[in-house]
Amino acid sequence: MERRQKYDEMRAADGKVRPHFGPIAEWLAQTPAGRVAEKRREADLLFHRVGITFAVYGDEQGAERLIPFDTIPRIIPKAEWDVLAKGLKQRVDALNRFLHDIYHGQEILKASVVPPDQVLKNAGFQKEMRGVELPNRVYSNIAGIDLVRHSDGKYYVLEDNLRTPSGVSYMIENRKMMMRLFPELFERQTVLPVEHYPALLLETLRASAPPRVRDPVVAVLTPGQYNSAYFEHAFLAQQMGVELVEGADLFTKDNSVYMRTTSGRQRVDVIYRRLDDAFLDPLAFKKDSMLGVPGLFAAYRAGNVALANAVGTGVADDKSTYPYVPEMIRFYLKEEPILANVPTWLCGKPKDLAHVMEHLAELVVKEVQGSGGYGMLVGPSASKAELGAFRKLLKENPRNYIAQPTLSLSTCPTFVKRGFAPRHVDLRPYVLSGKEVKLVPGGLTRVALKEGSLVVNSSQGGGTKDTWVVE
Amino acid sequence: MLSRVADRIYWMSRQIERAENMARILGVTSNMVLFGTKETREQNLLAPLTITDCAERYFEQKKPVTLQGLVDFLALDPDNPSSIYSCLRSARENGHAVRWQITSEMWESLNTTWLEMRRVRRSEIAGAGATKFFDWVKDRSHLFRGVTYGTIMRGDAFNFSRLGTFLERADNTARILDVKYHVHLPSIKDVGGALDHYQWTALLRSVSSFETYQALYRDQVLPINVAQLLILERRMPRSLAACFDQVTQAMERIEGHDRAAKRLASELHARLTNADIEEIFKDGLHEYLTECIADMNELAVRIQRAYLGTELGTAQGRRK
C-alpha cells in the first residue's frame with residue numbers, strides 16, 4: 001500500500017469529474033449556496049422533530065444529539081458495487097463458516113490456518129456454544145462491514161462488525177430525507193433503492209427461526225431508552241411491525257421464551273437482540289445484568305428460540321482475528337478473497353510489536369475488542385504525551401492491540417461553512433444472512449467533518465451521507 | 001400490547017390528570033384562605049394535604065402550614081412524588097419510554113410541558129402568579145388529553161390512556177367531596193351560613209362544575225345537590241358516574257382473559273347507576289365515599305395485576 005495523493009470520490013487526479021458524479025457536480029455548480037444551506041436547516045429541523053437522535057455516552061443522562069447529516073450524496077457506480085456486493089457476501093459467508101467450525105469440528109485450528117490460542121483464549125469465544133446447532137448454521141445474521149477506499153483507488157475492509165452493528169436506520173432515513181429535500185436529483189440519475197431493508201431484515205429473521213416453528217414471532221430486544229442506539233431499535237421494530245421488548249418484558253418457562261402482554265403471555269421465536277452477549281442472561285453470563293432474561297441462554301441452547309446475532313460471534317470480529325479472514329475465505333470456500341484486508345500487525349507477536357514500537361507515529365493502533373472510535377491512537381496526529389501513553393499500554397498488554405498503517409481514506413465533497421470541500425469518508429454496508437445472503441445496494445457513509453480528520457465515528461463528531469448506487 | 005408499554009401509557013395519563021387535579025385543589029385553596037376565621041383558614045389549608053394523602057409527609061418537614069408552604073410542597077417539590085413538578089416529570093419519562101407507541105404530537109406536548117415546568121421559578125408563583133401557574137397546568141393537561149384523543153389510534157394505547165385518566169379523576173373527585181363532608185358534617189337539611197356557601201361554591205369551582213350546578217339546579221348551593229352532581233350526575237364529566245362510564249368502556253375494549261378487574265369495574269359502574277342520593281346520605285356520605293375510594297383502589301390493584309405486570313414498575317414515579 002503505497003501512499004499517494006488522496007483519492008477523491010468525485011474528481012479524478014487530473015481534476016476531471018468522474019462520470020457517475022456528473023449530475024451532482026452540475027447541480028452543485030448551478031445551485032446557490034444559500035438554497036442548500038436553507039435545505040440543510042430544514043433537514044436538521046425534520047430530524048429533530050422525528051426524533052432521529054442518538055444519546056452520547058458520558059453525556060448528561062438522556063441527552064440527545066443529532067448526527068450531522070450532509071446533503072451531498074456519496075455515489076458508487078453499479079458495476080463497482082456489484083464487485084463489492086460479491087466480495088461482502090463471500091466474506092460474511094466465510095466468517096459464518098468459521099464461527100460454525102470453531103464451535104464444532106475446529107478444522108481450521110487443526111489445519112493450523114488460525115492458531116488455536118487466537119480462538120480458544122479469545123475473550124469473545126463462548127465455550128458454552130460448543131456443539132450448539134443453529135438454524136442455517138448462521139451466526140452473524142446481520143453483519144456490518146466497514147470499508148474504506150485508499151489512495152490507490154482500491155476498497156479495503158477495515159473491520160467486520162458481527163455482534164450488534166448499528167447505523168442502518170440512518171441509511172434509510174438519509175435516503176428519505178434526500179428524496180424529500182432534493183427530488184430533482186433523483187430525476188437526473190437512477191438511484192437503486194434501500195428502503196426495503198426492514199422487509200429483508202424481517203425475512204432474514206423469520207428464516208432464522210427454530211426449524212419446527214411455522215409462523216415465527218419476532219421481537220427486537222433493546223437495552224432501553226438510554227442506549228445510544230435506542231432510536232434505531234425502536235425504528236426497526238416499528239418498520240418491521242414487531243414488538244420492541246426490554247429484558248423485563250420477557251421470561252422463560254420450560255425452556256421457552258415468552259413476552260408479558262396485556263392479554264397474557266405470548267411465545268417468542270426469534271429475538272433480534274441489540275444487547276451484548278454479557279448482558280443477555282444473568283444465569284449464564286454477567287450475574288448482575290438487569291437488562292437480560294434469566295434462562296434465555298438455556299432456552300437458546302435447547303433450540304426453542306433463535307437469537308440474531310448468535311452468542312459468541314465476538315471471537316470472529318475481534319481485531320486480532322481480522323488478519324486471518326483472507327485465509328478463512330481460501331480455507332472454507334477455496335476462493336481468492338475479492339475484498340482486500342488492510343495489512344495488520346498483531347502486537348501480541350514480539351516481532352510485530354517491535355515494528356509497531358519503532359513506527360508508532362505513523363500507525364493507527366486499536367484495541368482488539370474496541371469499537372466506536374474509543375481507545376484508539378492515530379499516530380500521525382497524536383501528541384508526544386499520547387504516543388508515550390500508548391507505548392506504555394502496548395508494553396503492559398500487547399495482546400490487547402493491533403496496529404495498521406494510517407490509511408488515507410478517500411474524500412467526498414461535503415458542505416462546510418464556506419461552500420463545500422473534500423472530507424474523508426468510509427462505508428458500512430449491511431449483510432443479511434438467513435437461508436440466503438442478501439444486502440441492499442448501499443450502506444451508511446460516515447464522514448469526518450473536521451478538515452483532515454480520519455475519525456468518522458458519530459460518537460467522535462462524525463456525520464453521515466446518503467449513499468447512492470447508480471445505474 | 002406489551003404489559004410494560006401499557007403500564008407506561010396508563011401511568012403517563014394518570015400523572016397528567018393528577019397534576020391537573022393538584023392544580024385545581026391548590027387553586028381553590030389559595031382563593032379560600034382569603035376569607036374566613038383563623039380556624040376555618042387552618043381547616044382550608046389542611047384540606048389539600050388530606051385530599052392528596054400528603055399530610056404525613058408534610059408534617060415530617062416540621063414546617064407550619066402556610067399557603068406558600070403548600071405550594072412549595074405540592075406544586076414544586078421534586079422530592080414529593082405527588083407534586084405537580086414530579087407528576088409532569090414522571091409523565092414525560094413514561095412518554096419517553098414509549099415514544100414510538102404514542103403519537104409524535106403526544107410526545108411533543110409532554111416534552112414541551114416538562115421543559116416549561118423546569119423553567120418555572122418559585123418567585124413566579126407567589127401571590128397573583130399562583131393562579132396563572134395553576135391555569136397553565138390545567139391548560140397543558142387539557143391540551144394533552146385533547147391531543148391524545150385527536151391523534152392516537154383506537155387500540156390498547158388509547159384504552160389504557162383513558163383508563164388511567166378516568167380512574168385518577170374519579171379517585172380525585174371522591175376525595176375532594178369526602179374531605180369537604182368530613183370537615184363540615186352537615187345534615188341533609190343544613191343550608192349553612194354565608195361562609196359555608198362560599199366553601200361549597202369553591203368546591204364546585206375546583207371541579208369546574210359551578211356553571212353546571214346552576215344550569216341543573218337553579219338553586220342555592222345545597223350539599224345534597226352537590227353530592228348528587230359529583231357522584232351520580234352522568235352529564236357532569238368529573239362525576240364518579242361519568243368517570244365510570246369511561247372506565248367501563250375502556251375496560252370492555254381491552255382484550256384479555258382477565259375477569260377480576262372487569263367484573264369489579266362493571267359492579268362499580270352498576271352501583272353508581274342505581275344509587276339514590278337520599279339513601280347515600282341516610283347511610284352516611286363519608287362511609288359511602290370511603291367505600292368508593294377503597295373499591296377504586298382495589299380496581300387499580302386488579303388492573304395492575306391483570307394487565308400491567310404485578311411488580312410495581314418505575315412508571316409510577318417514586319410514589320409509595
# chains A, B, ... in the order shown; residues from 1 in each chain; ligands from 1
>>> interface_residues(of="chain A", to="chain B", cutoff="10 Å", atoms="only C-alpha atoms", output="NGL selection string")
:A and (49-51 or 62 or 224-226 or 231 or 234-235 or 237-238 or 243-246 or 248-250 or 259-266)
>>> select_by_dssp(residues="region 9-167 of chain A", states="strand (DSSP E)", output="list in words")
Phe54, Ala55, Glu64, Arg65, Phe69, Asp70, Thr71, Ile72, Pro73, Arg74, Ile75, Ile76, Pro77, Ile142, Ala143, Gly144, Ile145, Asp146, Leu147, Val148, Arg149, Tyr155, Tyr156, Val157, Leu158, Glu159, Asp160 and Asn161 of chain A
>>> write_last_selection(atoms="C-alpha atoms", output="short mmCIF file (atom, residue, chain, number, x, y, z; two decimals), in the first residue's frame")
data_model
loop_
_atom_site.label_atom_id
_atom_site.label_comp_id
_atom_site.auth_asym_id
_atom_site.auth_seq_id
_atom_site.Cartn_x
_atom_site.Cartn_y
_atom_site.Cartn_z
CA PHE A 54 -28.67 9.40 19.46
CA ALA A 55 -27.52 9.51 23.04
CA GLU A 64 -29.74 13.66 22.76
CA ARG A 65 -27.95 14.94 19.74
CA PHE A 69 -26.37 14.96 8.07
CA ASP A 70 -24.55 16.07 4.95
CA THR A 71 -26.69 16.73 1.90
CA ILE A 72 -24.16 15.80 -0.79
CA PRO A 73 -24.53 12.09 -1.55
CA ARG A 74 -21.69 9.65 -1.90
CA ILE A 75 -22.08 7.91 -5.24
CA ILE A 76 -20.96 4.45 -6.30
CA PRO A 77 -21.37 3.17 -9.88
CA ILE A 142 -26.72 -9.07 10.50
CA ALA A 143 -23.15 -8.02 9.71
CA GLY A 144 -21.84 -4.51 9.15
CA ILE A 145 -18.59 -4.49 7.21
CA ASP A 146 -16.59 -1.28 7.29
CA LEU A 147 -14.87 -0.41 4.03
CA VAL A 148 -12.52 2.40 3.13
CA ARG A 149 -11.01 3.43 -0.16
CA TYR A 155 -11.50 -0.69 -1.35
CA TYR A 156 -10.15 -2.31 1.82
CA VAL A 157 -12.07 -3.95 4.64
CA LEU A 158 -11.26 -2.04 7.79
CA GLU A 159 -13.23 -4.18 10.19
CA ASP A 160 -16.01 -6.71 10.43
CA ASN A 161 -18.86 -5.98 12.85
#
>>> residues_around(residues="Leu409 (chain A)", least_positions_apart="2", cutoff="8 Å", atoms="only C-alpha atoms", output="PyMOL selection string")
chain A and resi 6-7+148-151+407+411+424-426+454
>>> residues_around(residues="Ala79 (chain A)", least_positions_apart="3", cutoff="12 Å", atoms="only C-alpha atoms", output="number ranges by chain")
A: 20, 75-76, 82-86, 441, 469-471
>>> residues_around(residues="Asn80 (chain B)", least_positions_apart="3", cutoff="12 Å", atoms="only C-alpha atoms", output="PDB file with C-alpha atoms, in the first residue's frame")
ATOM      1  CA  THR B  52     -53.924  14.065  48.345  1.00  0.00           C
ATOM      2  CA  ASP B  53     -52.811  11.838  51.217  1.00  0.00           C
ATOM      3  CA  CYS B  54     -49.746  14.001  51.769  1.00  0.00           C
ATOM      4  CA  ALA B  55     -50.294  15.238  55.345  1.00  0.00           C
ATOM      5  CA  GLU B  56     -47.892  12.840  56.979  1.00  0.00           C
ATOM      6  CA  ARG B  57     -45.068  13.694  54.610  1.00  0.00           C
ATOM      7  CA  TYR B  58     -45.735  17.391  55.006  1.00  0.00           C
ATOM      8  CA  GLU B  60     -42.242  15.367  58.593  1.00  0.00           C
ATOM      9  CA  GLN B  61     -40.725  18.618  57.367  1.00  0.00           C
ATOM     10  CA  LEU B  70     -48.277  24.121  50.479  1.00  0.00           C
ATOM     11  CA  VAL B  71     -47.321  25.479  47.081  1.00  0.00           C
ATOM     12  CA  ASP B  72     -43.665  24.621  47.679  1.00  0.00           C
ATOM     13  CA  PHE B  73     -44.542  21.115  48.747  1.00  0.00           C
ATOM     14  CA  LEU B  74     -47.473  20.208  46.486  1.00  0.00           C
ATOM     15  CA  ALA B  75     -46.535  22.114  43.354  1.00  0.00           C
ATOM     16  CA  LEU B  76     -42.773  22.418  43.225  1.00  0.00           C
ATOM     17  CA  ASP B  77     -41.079  19.868  45.458  1.00  0.00           C
ATOM     18  CA  SER B  83     -46.189  17.300  43.426  1.00  0.00           C
ATOM     19  CA  ILE B  84     -47.124  18.863  40.108  1.00  0.00           C
ATOM     20  CA  TYR B  85     -43.422  19.020  39.286  1.00  0.00           C
ATOM     21  CA  SER B  86     -42.928  15.293  39.936  1.00  0.00           C
ATOM     22  CA  CYS B  87     -46.096  14.289  38.092  1.00  0.00           C
ATOM     23  CA  ARG B  89     -41.592  14.781  35.161  1.00  0.00           C
ATOM     24  CA  SER B  90     -42.821  11.185  35.560  1.00  0.00           C
ATOM     25  CA  GLY B 317     -42.693   7.575  39.666  1.00  0.00           C
ATOM     26  CA  ARG B 318     -41.498   7.467  43.230  1.00  0.00           C
ATOM     27  CA  ARG B 319     -44.945   7.387  44.726  1.00  0.00           C
ATOM     28  CA  LYS B 320     -45.231   4.808  47.522  1.00  0.00           C
TER      29      LYS B 320
END
>>> select_by_dssp(residues="region 160-302 of chain B", states="helix (DSSP H, G or I)", output="PyMOL selection string")
chain B and resi 160-184+194-206+210-217+223-232+240-253+260-274+277-283+285-302
>>> closest_residue(among="A:Leu291, A:Val242, A:Val168, A:Leu275", to="Arg446 (chain A)", atoms="only C-alpha atoms")
A:Val168
>>> closest_residue(among="A:Ala385, A:Val311, A:Leu185, A:Val431", to="Pro23 (chain A)", atoms="only C-alpha atoms")
A:Leu185
>>> closest_residue(among="A:Ala37, A:Ala111, A:Leu353, A:Val270", to="Met328 (chain A)", atoms="only C-alpha atoms")
A:Ala111
>>> residues_around(residues="region 282-290 of chain B", least_positions_apart="3", cutoff="9 Å", atoms="only C-alpha atoms", output="PDB file with N, CA and C atoms, in the first residue's frame")
ATOM      1  N   ALA B 174     -63.876  11.885  44.362  1.00  0.00           N
ATOM      2  CA  ALA B 174     -64.357  11.278  45.610  1.00  0.00           C
ATOM      3  C   ALA B 174     -63.627  11.870  46.809  1.00  0.00           C
ATOM      4  N   ARG B 175     -62.336  12.058  46.674  1.00  0.00           N
ATOM      5  CA  ARG B 175     -61.563  12.593  47.794  1.00  0.00           C
ATOM      6  C   ARG B 175     -61.926  14.044  48.096  1.00  0.00           C
ATOM      7  N   LEU B 177     -64.755  15.564  47.554  1.00  0.00           N
ATOM      8  CA  LEU B 177     -66.074  15.610  48.175  1.00  0.00           C
ATOM      9  C   LEU B 177     -66.012  15.096  49.616  1.00  0.00           C
ATOM     10  N   ASP B 178     -65.241  14.073  49.817  1.00  0.00           N
ATOM     11  CA  ASP B 178     -65.156  13.468  51.145  1.00  0.00           C
ATOM     12  C   ASP B 178     -64.555  14.432  52.154  1.00  0.00           C
ATOM     13  N   VAL B 179     -63.500  15.104  51.775  1.00  0.00           N
ATOM     14  CA  VAL B 179     -62.853  15.985  52.742  1.00  0.00           C
ATOM     15  C   VAL B 179     -63.798  17.118  53.131  1.00  0.00           C
ATOM     16  N   TYR B 181     -67.055  17.009  53.198  1.00  0.00           N
ATOM     17  CA  TYR B 181     -68.087  16.487  54.080  1.00  0.00           C
ATOM     18  C   TYR B 181     -67.526  16.242  55.465  1.00  0.00           C
ATOM     19  N   HIS B 182     -66.346  15.679  55.466  1.00  0.00           N
ATOM     20  CA  HIS B 182     -65.683  15.340  56.716  1.00  0.00           C
ATOM     21  C   HIS B 182     -65.470  16.572  57.588  1.00  0.00           C
ATOM     22  N   ILE B 188     -78.662  16.669  56.107  1.00  0.00           N
ATOM     23  CA  ILE B 188     -79.283  16.860  54.792  1.00  0.00           C
ATOM     24  C   ILE B 188     -79.879  18.258  54.667  1.00  0.00           C
ATOM     25  N   ALA B 227     -73.517  16.692  46.180  1.00  0.00           N
ATOM     26  CA  ALA B 227     -73.165  15.275  46.204  1.00  0.00           C
ATOM     27  C   ALA B 227     -73.783  14.550  45.012  1.00  0.00           C
ATOM     28  N   ILE B 277     -79.351   9.298  45.953  1.00  0.00           N
ATOM     29  CA  ILE B 277     -78.557  10.186  46.797  1.00  0.00           C
ATOM     30  C   ILE B 277     -79.121  10.280  48.213  1.00  0.00           C
ATOM     31  N   GLU B 278     -80.448  10.213  48.330  1.00  0.00           N
ATOM     32  CA  GLU B 278     -81.042  10.284  49.672  1.00  0.00           C
ATOM     33  C   GLU B 278     -80.596   9.090  50.515  1.00  0.00           C
ATOM     34  N   GLU B 279     -80.593   7.926  49.871  1.00  0.00           N
ATOM     35  CA  GLU B 279     -80.161   6.717  50.588  1.00  0.00           C
ATOM     36  C   GLU B 279     -78.693   6.813  50.988  1.00  0.00           C
ATOM     37  N   ILE B 293     -63.681   4.863  47.478  1.00  0.00           N
ATOM     38  CA  ILE B 293     -62.235   5.041  47.324  1.00  0.00           C
ATOM     39  C   ILE B 293     -61.510   3.702  47.484  1.00  0.00           C
ATOM     40  N   ALA B 294     -61.959   2.911  48.457  1.00  0.00           N
ATOM     41  CA  ALA B 294     -61.344   1.599  48.674  1.00  0.00           C
ATOM     42  C   ALA B 294     -61.572   0.688  47.461  1.00  0.00           C
ATOM     43  N   ASP B 295     -62.793   0.716  46.915  1.00  0.00           N
ATOM     44  CA  ASP B 295     -63.100  -0.119  45.748  1.00  0.00           C
ATOM     45  C   ASP B 295     -62.274   0.297  44.529  1.00  0.00           C
TER      46      ASP B 295
END
>>> residues_around(residues="Asn21 (chain B)", least_positions_apart="4", cutoff="10 Å", atoms="only C-alpha atoms", output="PyMOL selection string")
chain B and resi 15-17+25-27+52+84+134+137-138+141+168-169+172-173+176+206-207
>>> closest_residue(among="A:Gly15, A:His196, A:Pro294, A:Gln460", to="Gly375 (chain A)", atoms="only C-alpha atoms")
A:Gln460
>>> atom_distance(atom1="CA of Val33 (chain B)", atom2="CA of Ile51 (chain B)")
16.6 Å
>>> closest_residue(among="B:Ala315, B:Cys243, B:Leu46, B:Ala23", to="Arg162 (chain B)", atoms="only C-alpha atoms")
B:Cys243
